[in-house]
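> The structure that follows is given in the form of structure tokens.
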Amino acid sequence: MKIGITGVTGFIGRALAAKARENGHEVIGFTRNKQARLHFVDETRHFGEVVNVSGLDAVCHLAGESVVGLWANEKRRKIRDSRVNGTRAVVEGFQAAAESECPSVLVSSSAVGYYGDRADEELSESSDPGRGFLTEVVEAWEKEARAAEALTPPARVVCVRTGIVLGKGGGAGPLLKTVFKSGVAGRLGSGRQWMPWVHVDDVVGIYLKACEDAAVSGAVNAVTAAVRNRDFTKVAASVARRPAIIPVPACILRTVLGGFAEELLSSKRVVSSSARDFGYAFSQPDLEGALKDVFS
């Protein structure tokens, strides 16, 4: 297959490009830098107002502003616009392509922020959306992706709702490594909130499965499991061989991080029913093993 990847220079994008090439696929990487030539893909294309997807078999759309940081108004605008407008540009690229040159599948990044703060409720792909800023962003984001289903020819659309990504050198890894190695880590708020996590290898595996298997469509939770924050903290501290005894009060998080604090304090007990239904076997099923990769 010829697989196009937006956001290819990011942590997941690079890992996806490497695995796709290892599996024998040709990778086309998209970048906003018109002069850039990416050495780790087979071809480089420009990510413009309309994305040139002609001749590709599949597109994995990963580009978007990081949600990490203080959620001031400008940050919120970038988070929303980069996802909604960026996805619209990709779908318009599908629409502009000749019928014989149009990709058959769009695998679009999404997030478990769709579910909002739901306490102990178990959440699958069929669960209703929650409330809050990220929920609104994800709903608009996925709506733009699903517009490709109404094109001629229609594209198969998969929205990958990703949890907290663990792995060496990216995702949540660098922050976790810094905090826990310092010995000042502790639970966040009450520590009762559920944290849905996944290793980068399995995020990549789900994207490739979605590209290759025509039976995969709709929302897919890229989540290995969900654990309570206090339990995640204990395992991470054990792997890092450092104490984790200093809890971070919710009021401090809200003061320092504003709206982003709610994502750290909200509870999402997410399960991946769809991934297991279409036969995906998680390669990193154990939290301790995934965190050992982070701290290695």
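Residue names in the structure tokens use chain letters A, B, ... in the order shown, residue numbers from 1 in each chain, and ligand numbers from 1 in the order shown.
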Quick one: everything within 7 Å of stretch 271-287 of chain A, counting only C-alpha atoms, minus sequence neighbours fewer than 3 positions away in the same chain. Send it as a VMD selection string.
chain A and resid 123 to 125 199 202 216 220 to 225 290 to 291
> Return as a ChimeraX atom specification the full set of residues in stretch 32-161 of chain A whose backbone-based DSSP assignment is alpha helix (DSSP H).
/A:73-96,133-146
> Pick the closest to A:Val227 from A:Gln35, A:Asn85, A:Asn73, A:Gln193: which is it, counting only C-alpha atoms?
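Under the stated criterion, the closest residue is A:Gln193.
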> What separation in Å, quoted to one decimal, exists between atom CA of A:Ser54 and atom CA of A:Thr31?
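Value for the atom CA of A:Ser54-atom CA of A:Thr31 distance: 15.9 Å.
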> Select from stretch 16-91 of chain A every residue with an atom at most 7 Å from any atom of stretch 144-159 of chain A, then for each give the shortest pair of atoms and their distance in Å to one decimal, using only C-alpha atoms, rows by chain and rising number, as a Markdown table.

| residue | atom | partner | partner_atom | distance |
| --- | --- | --- | --- | --- |
| A:Val84 | CA | A:Glu144 | CA | 6.5 |
| A:Thr87 | CA | A:Glu144 | CA | 6.1 |
| A:Arg88 | CA | A:Glu144 | CA | 5.7 |
| A:Val91 | CA | A:Ala148 | CA | 5.7 |
> Write the residues of the selection above to a file with C-alpha atoms, as a CSV table (one decimal), in the first residue's frame.

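This is the output file again-v7.csv:
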chain,number,residue,atom,x,y,z
A,84,VAL,CA,-10.9,20.7,12.7
A,87,THR,CA,-9.0,17.4,8.9
A,88,ARG,CA,-11.1,19.4,6.6
A,91,VAL,CA,-11.0,15.5,3.3
> From a backbone DSSP assignment, name each residue in stretch 81-134 of chain A labelled strand (DSSP E or B), as a PyMOL selection string.
chain A and resi 105-111+122-123
> Could you build a table of the residues in stretch 75-127 of chain A lying no more than 10 Å from stretch 204-208 of chain A, giving for each the nearest pair of atoms and their separation in Å rounded to one decimal place, using only C-alpha atoms, ordered by chain and ascending residue number, as JSON lines?

{"residue": "A:Val107", "atom": "CA", "partner": "A:Tyr207", "partner_atom": "CA", "distance": 6.9}
{"residue": "A:Ser108", "atom": "CA", "partner": "A:Tyr207", "partner_atom": "CA", "distance": 8.9}
{"residue": "A:Ser109", "atom": "CA", "partner": "A:Tyr207", "partner_atom": "CA", "distance": 9.1}
> Could you save those same residues with N, CA and C atoms as a compact mmCIF listing (two decimals), in the first residue's frame?

# COMPACT_ATOMS: atom_id res chain seq x y z
N VAL A 107 -7.79 7.16 8.07
CA VAL A 107 -7.66 6.81 9.48
C VAL A 107 -7.27 8.09 10.21
N SER A 108 -8.20 8.66 10.93
CA SER A 108 -8.01 9.97 11.54
C SER A 108 -7.76 9.85 13.04
N SER A 109 -6.77 10.56 13.51
CA SER A 109 -6.52 10.63 14.95
C SER A 109 -7.71 11.24 15.66
> Which residues of stretch 134-209 of chain A sit at most 12 Å from stretch 239-244 of chain A, using only C-alpha atoms? Give each one's shortest atom pair and distance in Å (one decimal place), in chain and ascending residue order, as CSV.

residue,atom,partner,partner_atom,distance
A:Gly173,CA,A:Ala240,CA,12.0
A:Leu176,CA,A:Ala240,CA,9.5
A:Lys177,CA,A:Ala240,CA,7.7
A:Thr178,CA,A:Ala240,CA,10.1
A:Val179,CA,A:Ala244,CA,9.7
A:Phe180,CA,A:Ala240,CA,6.4
A:Lys181,CA,A:Ala240,CA,6.1
A:Ser182,CA,A:Arg242,CA,7.7
A:Gly183,CA,A:Arg242,CA,5.3
A:Val184,CA,A:Ala244,CA,6.4
A:Ala185,CA,A:Ala244,CA,4.8
A:Gly186,CA,A:Ala244,CA,4.6
A:Arg187,CA,A:Ala244,CA,7.6
A:Leu188,CA,A:Ala244,CA,10.9
> Can you pull out the residues contacting A:Gly132? Cut-off 8 Å, using only C-alpha atoms, and skip same-chain residues under 3 positions away; I want them as a list in words.
Gly116, Thr135 and Glu136 of chain A
> Closest to A:Lys78 among A:Gly169, A:Pro129, A:Gly64, A:Pro103, using only C-alpha atoms?
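Answer, going by the shortest atom-to-atom distance: A:Gly64.
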> Give me the residues near A:His46 as number ranges by chain, where near means some atom within 6 Å (using only C-alpha atoms) and where sequence neighbours in that chain fewer than 3 positions away do not count.
A: 30-32, 34
> Restricting it to N, CA and C atoms, dump the selection as a PDB file, in the first residue's frame.

ATOM      1  N   PHE A  30       3.687  14.010   5.023  1.00  0.00           N
ATOM      2  CA  PHE A  30       3.239  15.375   4.773  1.00  0.00           C
ATOM      3  C   PHE A  30       3.842  16.328   5.794  1.00  0.00           C
ATOM      4  N   THR A  31       4.285  17.497   5.330  1.00  0.00           N
ATOM      5  CA  THR A  31       4.849  18.509   6.207  1.00  0.00           C
ATOM      6  C   THR A  31       4.394  19.894   5.746  1.00  0.00           C
ATOM      7  N   ARG A  32       4.280  20.824   6.690  1.00  0.00           N
ATOM      8  CA  ARG A  32       3.893  22.193   6.339  1.00  0.00           C
ATOM      9  C   ARG A  32       5.060  22.986   5.764  1.00  0.00           C
ATOM     10  N   LYS A  34       7.426  23.725   3.012  1.00  0.00           N
ATOM     11  CA  LYS A  34       7.467  23.446   1.574  1.00  0.00           C
ATOM     12  C   LYS A  34       8.846  22.998   1.106  1.00  0.00           C
TER      13      LYS A  34
END
> Distance table requested - stretch 95-204 of chain A against stretch 11-18 of chain A, cut-off 7 Å, only C-alpha atoms: one row per qualifying residue with the closest atom pair and its distance in Å to one decimal, ordered by chain and rising residue number, as JSON lines.

{"residue": "A:Gly170", "atom": "CA", "partner": "A:Phe11", "partner_atom": "CA", "distance": 5.4}
{"residue": "A:Gly171", "atom": "CA", "partner": "A:Phe11", "partner_atom": "CA", "distance": 6.5}
{"residue": "A:Val200", "atom": "CA", "partner": "A:Ile12", "partner_atom": "CA", "distance": 6.6}
{"residue": "A:Val204", "atom": "CA", "partner": "A:Leu16", "partner_atom": "CA", "distance": 5.2}
> So which residues touch stretch 79-81 of chain A within 8 Å, counting only C-alpha atoms, skipping near sequence neighbours fewer than 5 positions away, as a PyMOL selection string?
chain A and resi 64-67+86+137
> Using only C-alpha atoms, which residue out of A:Ser296, A:Lys209, A:Val248, A:Met195 lies closest to A:Glu122?
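Selected residue with least distance to A:Glu122: A:Met195.
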> Can you work out which one of A:Arg269, A:Arg45, A:Lys234, A:His25 has the shortest atom-to-atom distance to A:Cys211, counting only C-alpha atoms?
A:His25
> Between atom CA of A:Glu121 and atom CA of A:Leu134, measure the distance and give it in Å to one decimal.
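Rounded to one decimal, the two atoms are 18.4 Å apart.
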